[in-house]
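As provided, query37.csv (CSV, C-alpha atoms) reads as follows.
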chain,number,residue,atom,x,y,z
C,1,MET,CA,20.0,10.3,21.3
C,2,LYS,CA,20.8,11.8,17.9
C,3,PRO,CA,21.2,15.6,17.9
C,4,LYS,CA,18.9,17.9,15.9
C,5,LEU,CA,20.8,19.2,12.9
C,6,THR,CA,20.6,22.5,11.0
C,7,ILE,CA,20.3,22.4,7.2
C,8,ASP,CA,24.0,23.0,6.8
C,9,GLU,CA,24.8,20.3,9.3
C,10,ILE,CA,22.5,17.9,7.4
C,11,ILE,CA,24.4,18.5,4.2
C,12,GLN,CA,27.7,17.9,6.0
C,13,ASP,CA,26.3,14.7,7.6
C,14,MET,CA,25.4,13.4,4.2
C,15,LYS,CA,28.8,14.2,2.8
C,16,ASP,CA,30.4,12.4,5.9
C,17,LYS,CA,28.3,9.3,5.0
C,18,GLY,CA,29.7,9.3,1.4
C,19,ILE,CA,26.6,10.9,-0.3
C,20,THR,CA,27.8,13.0,-3.2
C,21,PHE,CA,26.3,16.0,-4.9
C,22,LYS,CA,27.3,15.4,-8.6
C,23,TYR,CA,24.0,16.3,-10.2
C,24,VAL,CA,22.4,18.6,-7.6
C,25,SER,CA,24.3,21.4,-6.0
C,26,GLU,CA,24.5,21.7,-2.3
C,27,SER,CA,22.4,24.9,-2.4
C,28,GLU,CA,19.8,23.2,-4.5
C,29,ALA,CA,19.8,20.3,-2.0
C,30,LYS,CA,19.3,22.7,0.9
C,31,ASP,CA,16.3,24.2,-0.9
C,32,TYR,CA,14.9,20.8,-1.6
C,33,LEU,CA,15.3,19.6,2.0
C,34,SER,CA,13.9,22.9,3.4
C,35,ASN,CA,10.8,23.3,1.1
C,36,HIS,CA,9.9,19.9,-0.3
C,37,THR,CA,10.7,17.3,2.3
C,38,TYR,CA,12.8,16.7,5.4
C,39,TYR,CA,16.0,14.8,6.1
C,40,PHE,CA,14.6,11.9,8.2
C,41,LYS,CA,12.1,10.9,5.5
C,42,PHE,CA,14.5,11.7,2.6
C,43,LYS,CA,17.4,9.8,4.1
C,44,SER,CA,15.3,6.6,4.6
C,45,TYR,CA,15.6,5.8,0.9
C,46,ALA,CA,19.3,5.3,1.4
C,47,LYS,CA,18.4,1.9,3.0
C,48,ASN,CA,18.2,0.7,-0.6
C,49,TYR,CA,22.0,1.3,-1.0
C,50,VAL,CA,25.0,-0.6,0.4
C,51,LYS,CA,27.0,1.1,3.1
C,52,ASN,CA,30.6,0.0,3.9
C,53,PRO,CA,30.3,-1.2,7.5
C,54,VAL,CA,33.9,-0.3,8.4
C,55,ARG,CA,34.0,3.1,6.9
C,56,ASN,CA,30.3,3.8,7.6
C,57,LYS,CA,30.0,5.3,4.1
C,58,TYR,CA,28.0,4.6,1.0
C,59,SER,CA,30.1,3.6,-1.9
C,60,ASP,CA,27.9,4.8,-4.8
C,61,LEU,CA,25.1,7.1,-3.6
C,62,ASP,CA,24.4,10.6,-4.9
C,63,PHE,CA,21.8,13.1,-3.6
C,64,SER,CA,20.0,12.9,-6.9
C,65,TYR,CA,19.5,9.1,-6.6
C,66,LEU,CA,17.6,9.6,-3.3
C,67,GLN,CA,15.7,12.5,-4.9
C,68,ASP,CA,14.5,10.3,-7.7
C,69,LEU,CA,13.5,7.5,-5.4
C,70,ALA,CA,11.5,10.0,-3.3
C,71,ARG,CA,9.6,11.2,-6.4
C,72,LEU,CA,9.0,7.7,-7.6
C,73,ASP,CA,7.6,6.9,-4.1
C,74,MET,CA,5.2,9.8,-4.4
C,75,TYR,CA,3.9,8.5,-7.7
C,76,PHE,CA,3.7,4.9,-6.4
C,77,ARG,CA,1.8,6.0,-3.3
C,78,GLU,CA,-0.8,7.7,-5.5
C,79,ILE,CA,-1.3,4.5,-7.4
C,80,VAL,CA,-1.5,2.4,-4.3
C,81,PHE,CA,-4.1,4.8,-2.8
C,82,LYS,CA,-6.2,4.7,-5.9
C,83,ILE,CA,-6.1,0.9,-6.0
C,84,THR,CA,-6.9,0.5,-2.3
C,85,VAL,CA,-9.8,3.0,-2.5
C,86,ASP,CA,-11.2,1.0,-5.4
C,87,ILE,CA,-10.8,-2.2,-3.4
C,88,GLU,CA,-12.7,-0.6,-0.5
C,89,HIS,CA,-15.6,0.3,-2.8
C,90,LEU,CA,-15.7,-3.1,-4.5
C,91,LEU,CA,-15.7,-4.9,-1.1
C,92,ARG,CA,-18.8,-2.9,-0.2
C,93,VAL,CA,-20.3,-3.8,-3.5
C,94,GLN,CA,-19.5,-7.5,-3.0
C,95,ILE,CA,-21.0,-7.6,0.5
C,96,MET,CA,-24.2,-5.8,-0.6
C,97,ASN,CA,-24.7,-8.1,-3.6
C,98,ALA,CA,-24.2,-11.1,-1.3
C,99,SER,CA,-26.7,-9.7,1.2
C,100,GLN,CA,-29.3,-8.8,-1.4
C,101,ASN,CA,-29.2,-12.4,-2.8
C,102,ASN,CA,-29.3,-14.0,0.6
C,103,LEU,CA,-32.8,-14.7,1.8
C,104,THR,CA,-31.6,-15.6,5.3
C,105,ASP,CA,-29.9,-12.2,5.8
C,106,ASP,CA,-32.5,-9.5,6.6
C,107,GLY,CA,-29.8,-6.8,6.5
C,108,TYR,CA,-30.1,-5.8,10.2
C,109,SER,CA,-29.4,-8.9,12.3
C,110,ILE,CA,-25.9,-9.4,11.0
C,111,VAL,CA,-24.9,-5.8,11.8
C,112,ASN,CA,-26.4,-6.0,15.3
C,113,ASP,CA,-24.7,-9.3,16.0
C,114,TYR,CA,-21.3,-7.9,14.8
C,115,LEU,CA,-21.6,-4.8,17.0
C,116,THR,CA,-22.8,-6.7,20.0
C,117,ASN,CA,-20.5,-9.7,19.8
C,118,LYS,CA,-17.5,-8.7,17.8
C,119,ASN,CA,-16.9,-5.0,17.9
C,120,GLN,CA,-18.2,-3.3,21.0
C,121,ASP,CA,-15.8,-0.4,20.7
C,122,LEU,CA,-17.3,0.5,17.3
C,123,ASN,CA,-20.8,0.1,18.8
C,124,LYS,CA,-19.9,2.5,21.6
C,125,TYR,CA,-18.5,5.0,19.0
C,126,LEU,CA,-21.7,4.8,16.9
C,127,LEU,CA,-23.8,5.3,20.0
C,128,GLU,CA,-21.8,8.4,20.9
C,129,ARG,CA,-22.1,9.8,17.4
C,130,SER,CA,-25.8,9.2,17.4
C,131,GLN,CA,-26.2,11.2,20.6
C,132,ALA,CA,-23.8,14.1,19.6
C,133,SER,CA,-25.4,17.5,19.6
C,134,SER,CA,-23.5,18.6,16.5
C,135,ASP,CA,-24.1,17.3,13.0
C,136,SER,CA,-20.6,17.8,11.9
C,137,GLY,CA,-19.1,15.1,9.7
C,138,TYR,CA,-20.4,13.6,6.5
C,139,ASN,CA,-21.8,10.5,8.1
C,140,THR,CA,-23.2,11.9,11.3
C,141,ALA,CA,-26.8,12.3,9.9
C,142,LEU,CA,-26.7,8.7,8.7
C,143,ILE,CA,-25.8,7.5,12.1
C,144,LYS,CA,-28.3,9.6,13.9
C,145,ASN,CA,-31.1,8.6,11.7
C,146,ASN,CA,-30.4,4.9,11.8
C,147,TYR,CA,-28.7,3.9,15.0
C,148,PRO,CA,-29.3,1.4,16.8
C,149,ALA,CA,-31.4,-0.4,14.1
C,150,MET,CA,-28.8,0.1,11.5
C,151,PRO,CA,-29.2,-1.7,8.1
C,152,ILE,CA,-26.2,-3.1,6.4
C,153,TRP,CA,-26.4,-0.6,3.5
C,154,VAL,CA,-26.1,2.3,5.9
C,155,PHE,CA,-23.5,0.5,8.1
C,156,LEU,CA,-21.2,0.0,5.2
C,157,GLU,CA,-21.3,3.7,4.5
C,158,VAL,CA,-20.2,4.9,7.9
C,159,ILE,CA,-17.3,2.5,8.8
C,160,SER,CA,-13.6,2.9,8.1
C,161,PHE,CA,-11.6,0.7,5.8
C,162,GLY,CA,-10.1,-1.3,8.7
C,163,GLU,CA,-13.6,-1.8,10.2
C,164,LEU,CA,-14.9,-2.8,6.7
C,165,ILE,CA,-12.2,-5.5,6.5
C,166,ASP,CA,-13.1,-6.8,9.9
C,167,PHE,CA,-16.8,-6.9,9.1
C,168,TYR,CA,-16.1,-8.5,5.8
C,169,SER,CA,-14.4,-11.4,7.6
C,170,TYR,CA,-17.3,-11.6,10.1
C,171,TYR,CA,-19.9,-11.6,7.3
C,172,THR,CA,-18.2,-14.2,5.2
C,173,ASN,CA,-17.8,-16.5,8.2
C,174,GLN,CA,-21.5,-16.2,8.9
C,175,TYR,CA,-22.6,-16.4,5.2
C,176,PRO,CA,-19.9,-18.0,2.9
C,177,ILE,CA,-19.7,-16.2,-0.4
C,178,GLY,CA,-17.9,-16.9,-3.6
C,179,ASN,CA,-14.6,-15.1,-4.4
C,180,ASN,CA,-13.9,-14.6,-0.8
C,181,VAL,CA,-10.8,-12.4,-0.5
C,182,SER,CA,-10.5,-12.2,3.3
C,183,LYS,CA,-7.1,-13.9,3.3
C,184,TYR,CA,-5.6,-11.2,1.1
C,185,LEU,CA,-6.9,-8.0,2.8
C,186,TRP,CA,-4.1,-7.4,5.4
C,187,SER,CA,-1.9,-6.1,2.6
C,188,ALA,CA,-4.6,-3.8,1.3
C,189,ARG,CA,-5.1,-2.4,4.8
C,190,ILE,CA,-1.4,-1.6,5.5
C,191,MET,CA,-0.7,-0.3,2.0
C,192,ARG,CA,-3.8,1.9,2.2
C,193,ASN,CA,-2.6,3.3,5.6
C,194,ALA,CA,0.9,3.9,4.3
C,195,ALA,CA,-0.3,5.7,1.2
C,196,ALA,CA,-3.0,7.7,3.0
C,197,HIS,CA,-0.5,8.9,5.7
C,198,ASN,CA,2.1,9.7,3.1
C,199,SER,CA,4.5,7.2,4.6
C,200,CYS,CA,7.5,6.0,2.7
C,201,ILE,CA,7.0,2.7,0.9
C,202,LEU,CA,9.9,2.4,-1.6
C,203,ASN,CA,12.5,2.7,1.2
C,204,ARG,CA,12.0,-1.0,1.9
C,205,LEU,CA,12.8,-2.4,-1.6
C,206,THR,CA,15.9,-4.2,-0.5
C,207,GLU,CA,14.4,-5.5,2.8
C,208,TYR,CA,13.6,-9.2,3.1
C,209,THR,CA,11.6,-11.0,5.7
C,210,THR,CA,11.7,-14.5,7.0
C,211,GLU,CA,9.8,-17.4,5.3
C,212,ASP,CA,7.0,-17.3,7.9
C,213,LYS,CA,6.0,-13.9,6.6
C,214,VAL,CA,5.2,-15.2,3.1
C,215,ASN,CA,1.5,-15.3,2.3
C,216,TYR,CA,1.2,-18.8,0.8
C,217,THR,CA,-2.4,-18.4,-0.1
C,218,LEU,CA,-1.3,-15.5,-2.3
C,219,LYS,CA,1.6,-17.6,-3.7
C,220,ARG,CA,-0.7,-20.4,-4.7
C,221,SER,CA,-3.2,-17.9,-6.2
C,222,ILE,CA,-0.4,-16.3,-8.3
C,223,LYS,CA,0.9,-19.7,-9.5
C,224,LYS,CA,-2.6,-20.8,-10.5
C,225,THR,CA,-3.5,-17.6,-12.2
C,226,LEU,CA,-0.2,-16.5,-13.6
C,227,PRO,CA,1.6,-19.8,-14.3
C,228,TYR,CA,4.5,-18.2,-16.2
C,229,VAL,CA,5.7,-16.0,-13.4
C,230,SER,CA,9.1,-17.4,-12.4
C,231,SER,CA,8.7,-19.6,-9.3
C,232,LYS,CA,12.3,-18.8,-8.3
C,233,ASP,CA,11.7,-15.1,-8.5
C,234,LEU,CA,8.3,-15.3,-6.8
C,235,LYS,CA,9.9,-17.3,-3.9
C,236,LYS,CA,12.5,-14.6,-3.5
C,237,TYR,CA,10.4,-11.4,-3.9
C,238,GLN,CA,7.5,-12.5,-1.8
C,239,LYS,CA,9.9,-12.1,1.1
C,240,ASN,CA,10.0,-8.4,0.3
C,241,PRO,CA,7.1,-6.7,2.1
C,242,VAL,CA,6.6,-4.1,-0.6
C,243,ILE,CA,6.5,-6.5,-3.5
C,244,GLN,CA,4.3,-9.0,-1.7
C,245,ASP,CA,1.8,-6.4,-0.7
C,246,PHE,CA,1.7,-4.8,-4.1
C,247,MET,CA,1.1,-8.2,-5.8
C,248,ASP,CA,-1.5,-8.9,-3.2
C,249,ILE,CA,-3.6,-5.8,-3.9
C,250,LEU,CA,-3.5,-6.4,-7.6
C,251,MET,CA,-4.7,-10.0,-7.2
C,252,VAL,CA,-7.5,-8.8,-4.9
C,253,PHE,CA,-8.4,-6.1,-7.5
C,254,ARG,CA,-8.5,-8.8,-10.2
C,255,VAL,CA,-11.1,-10.8,-8.3
C,256,LEU,CA,-13.3,-8.0,-7.3
C,257,ASP,CA,-13.4,-5.9,-10.5
C,258,LYS,CA,-15.4,-8.2,-12.7
C,259,SER,CA,-15.9,-5.5,-15.4
C,260,ARG,CA,-12.2,-4.9,-15.5
C,261,SER,CA,-12.9,-1.2,-16.3
C,262,THR,CA,-11.4,0.3,-13.2
C,263,LEU,CA,-8.6,-2.2,-13.1
C,264,THR,CA,-7.6,-1.3,-16.7
C,265,ARG,CA,-7.3,2.4,-15.7
C,266,ARG,CA,-5.0,1.5,-12.8
C,267,LEU,CA,-2.9,-0.8,-15.0
C,268,ASN,CA,-2.4,2.2,-17.3
C,269,ASP,CA,-1.2,4.2,-14.2
C,270,ILE,CA,1.2,1.4,-13.4
C,271,ASP,CA,2.5,1.4,-17.0
C,272,ALA,CA,3.1,5.1,-16.8
C,273,PHE,CA,4.9,4.7,-13.4
C,274,LEU,CA,7.2,1.9,-14.8
C,275,GLN,CA,8.0,4.2,-17.8
C,276,ARG,CA,8.8,7.0,-15.4
C,277,CYS,CA,11.2,4.7,-13.6
C,278,GLN,CA,13.3,4.6,-16.8
C,279,LYS,CA,13.8,8.4,-16.9
C,280,ASN,CA,16.9,8.3,-14.7
C,281,LYS,CA,17.8,4.6,-15.2
C,282,SER,CA,21.5,5.5,-15.2
C,283,TYR,CA,21.2,6.3,-11.5
C,284,TYR,CA,20.6,2.7,-10.8
C,285,ASP,CA,23.2,1.1,-13.0
C,286,LYS,CA,25.3,-0.1,-10.1
C,287,ASN,CA,22.3,-1.0,-7.9
C,288,LEU,CA,21.7,-4.5,-9.1
C,289,GLN,CA,19.1,-5.2,-6.4
C,290,LEU,CA,16.8,-2.4,-7.5
C,291,LYS,CA,17.3,-3.3,-11.2
C,292,SER,CA,16.4,-6.9,-10.5
C,293,ILE,CA,13.2,-5.8,-8.6
C,294,TYR,CA,12.2,-3.5,-11.4
C,295,ASN,CA,12.6,-6.3,-14.0
C,296,PHE,CA,10.6,-8.7,-11.8
C,297,ILE,CA,7.7,-6.2,-11.5
C,298,CYS,CA,7.7,-5.6,-15.2
C,299,SER,CA,7.4,-9.3,-15.9
C,300,PHE,CA,4.8,-9.8,-13.2
C,301,ILE,CA,2.6,-6.9,-14.7
C,302,SER,CA,3.1,-8.4,-18.2
C,303,GLU,CA,1.8,-11.8,-17.1
C,304,PHE,CA,-0.9,-10.2,-15.0
C,305,LYS,CA,-2.3,-8.4,-18.1
C,306,LYS,CA,-2.3,-11.6,-20.1
C,307,SER,CA,-4.6,-13.2,-17.4
C,308,LEU,CA,-7.4,-10.7,-17.8

I need this file expressed as structure tokens, please.
Amino acid sequence: MKPKLTIDEIIQDMKDKGITFKYVSESEAKDYLSNHTYYFKFKSYAKNYVKNPVRNKYSDLDFSYLQDLARLDMYFREIVFKITVDIEHLLRVQIMNASQNNLTDDGYSIVNDYLTNKNQDLNKYLLERSQASSDSGYNTALIKNNYPAMPIWVFLEVISFGELIDFYSYYTNQYPIGNNVSKYLWSARIMRNAAAHNSCILNRLTEYTTEDKVNYTLKRSIKKTLPYVSSKDLKKYQKNPVIQDFMDILMVFRVLDKSRSTLTRRLNDIDAFLQRCQKNKSYYDKNLQLKSIYNFICSFISEFKKSL
């Protein structure tokens, strides 16, 4: 078990691990770790840097480098959250359009079948909410007024993002629709959860998974839609969970946002983020992995824009 450290002990622990304080003083670092973040979260960004296994020290890592990554992660989470919220809305729109144009779907039976046969836990939860004495919560009145004969247009308003993804898969299995994105939604769910819970995302930039974790449906879609994205780079960076998930949500967004209006706004946010990454680019001069990832994302976004 690792001991709990005081703020002074944390600074010493970082120095013992080879983390320097060239651009931020130790007193400024103490203030930052006391009032803006905490050591466990902050230190996780060090995974993007190489540690000498014998000396157990980082060879080129300054406190300011971790501080910059932490800030970039905050900006990135904001973008991811916006995109995944947009995807959530557009999924609801797609389901409702499919339902409205489907004469065999009365808007009630599919919901009842799903709750009865597929998600009894959700059914139990809705029952409890419908019988609750309090009307607290934004959706309680909707549930009380419509359960158990709940139409699809109400049901879509009261379920969570995870439940929406599950229902989307169920609906599209019962009634096949065009532009089905069910095979891409796992990444949207986990990125949404990470962003919503303020979890670190960019602390995994140099982490690579095995071949079996690659989403080949996504890979084929990218190669078909963005043929000039380097196949070699795509093969490499799809093994990184952050890069694969980010490319995934952009490709889903591209399918769902037919007007391109919301997608264009998010691409502007991404451009601003990539520009912000350049603010302290000297911090990453010796980190060839991070520089390579940045260059790949820039090229991917460039090709992505051309496809719109």

Straight-line distance linking atom CA of Asn117 of chain C with atom CA of Gln94 of chain C, stated in Å to one decimal: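 Rounded to one decimal, the two atoms are 22.9 Å apart.
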
From C:Asn215, C:Thr84, C:Ser230, C:Gln131, residue lying nearest Asn193 of chain C [only C-alpha atoms]: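 Closest to Asn193 of chain C of all the choices is C:Thr84.
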
Atomic separation - atom CA of His36 of chain C relative to atom CA of Met74 of chain C, Å: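 Between these atoms lies a distance of 11.9 Å.
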
Dump as an mmCIF file with C-alpha atoms, keeping the file's coordinate frame all residues having an atom at most 10 Å from (-2.4, -9.9, -4.5), computed in the file's coordinates with all atoms listed in the file.
data_model
loop_
_atom_site.group_PDB
_atom_site.id
_atom_site.type_symbol
_atom_site.label_atom_id
_atom_site.label_comp_id
_atom_site.auth_asym_id
_atom_site.auth_seq_id
_atom_site.Cartn_x
_atom_site.Cartn_y
_atom_site.Cartn_z
ATOM 1 C CA VAL C 181 -10.800 -12.400 -0.500
ATOM 2 C CA LYS C 183 -7.100 -13.900 3.300
ATOM 3 C CA TYR C 184 -5.600 -11.200 1.100
ATOM 4 C CA LEU C 185 -6.900 -8.000 2.800
ATOM 5 C CA SER C 187 -1.900 -6.100 2.600
ATOM 6 C CA ALA C 188 -4.600 -3.800 1.300
ATOM 7 C CA ASN C 215 1.500 -15.300 2.300
ATOM 8 C CA THR C 217 -2.400 -18.400 -0.100
ATOM 9 C CA LEU C 218 -1.300 -15.500 -2.300
ATOM 10 C CA LYS C 219 1.600 -17.600 -3.700
ATOM 11 C CA SER C 221 -3.200 -17.900 -6.200
ATOM 12 C CA ILE C 222 -0.400 -16.300 -8.300
ATOM 13 C CA ILE C 243 6.500 -6.500 -3.500
ATOM 14 C CA GLN C 244 4.300 -9.000 -1.700
ATOM 15 C CA ASP C 245 1.800 -6.400 -0.700
ATOM 16 C CA PHE C 246 1.700 -4.800 -4.100
ATOM 17 C CA MET C 247 1.100 -8.200 -5.800
ATOM 18 C CA ASP C 248 -1.500 -8.900 -3.200
ATOM 19 C CA ILE C 249 -3.600 -5.800 -3.900
ATOM 20 C CA LEU C 250 -3.500 -6.400 -7.600
ATOM 21 C CA MET C 251 -4.700 -10.000 -7.200
ATOM 22 C CA VAL C 252 -7.500 -8.800 -4.900
ATOM 23 C CA PHE C 253 -8.400 -6.100 -7.500
ATOM 24 C CA ARG C 254 -8.500 -8.800 -10.200
ATOM 25 C CA VAL C 255 -11.100 -10.800 -8.300
#

Interatomic distance, atom CA of Phe300 of chain C to atom CA of Ser169 of chain C (Å, one decimal):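 Computing the Euclidean distance for atom CA of Phe300 of chain C and atom CA of Ser169 of chain C yields 28.4 Å.
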
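Restricting the calculation to only C-alpha atoms, the smallest distance between Asp113 of chain C and any of C:Tyr58, C:Trp153, C:Tyr228, C:Tyr170 is found for C:Tyr170.
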
Who sits within 12 Å of Leu90 of chain C, all atoms listed in the file, same chain under 4 positions skipped, as a PyMOL selection string: chain C and resi 83-86+94-97+156+161+164-165+168+181+252-260+262-263

Counting all atoms listed in the file, the option among C:Phe155, C:Pro176, C:Ile301, C:Tyr294 closest to Ala98 of chain C: C:Pro176

Residue nearest Asp121 of chain C - candidates C:Glu157, C:Glu163, C:Asp269, C:Asp106, atoms counted: all atoms listed in the file: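 That would be C:Glu163, the residue with the smallest distance to Asp121 of chain C.
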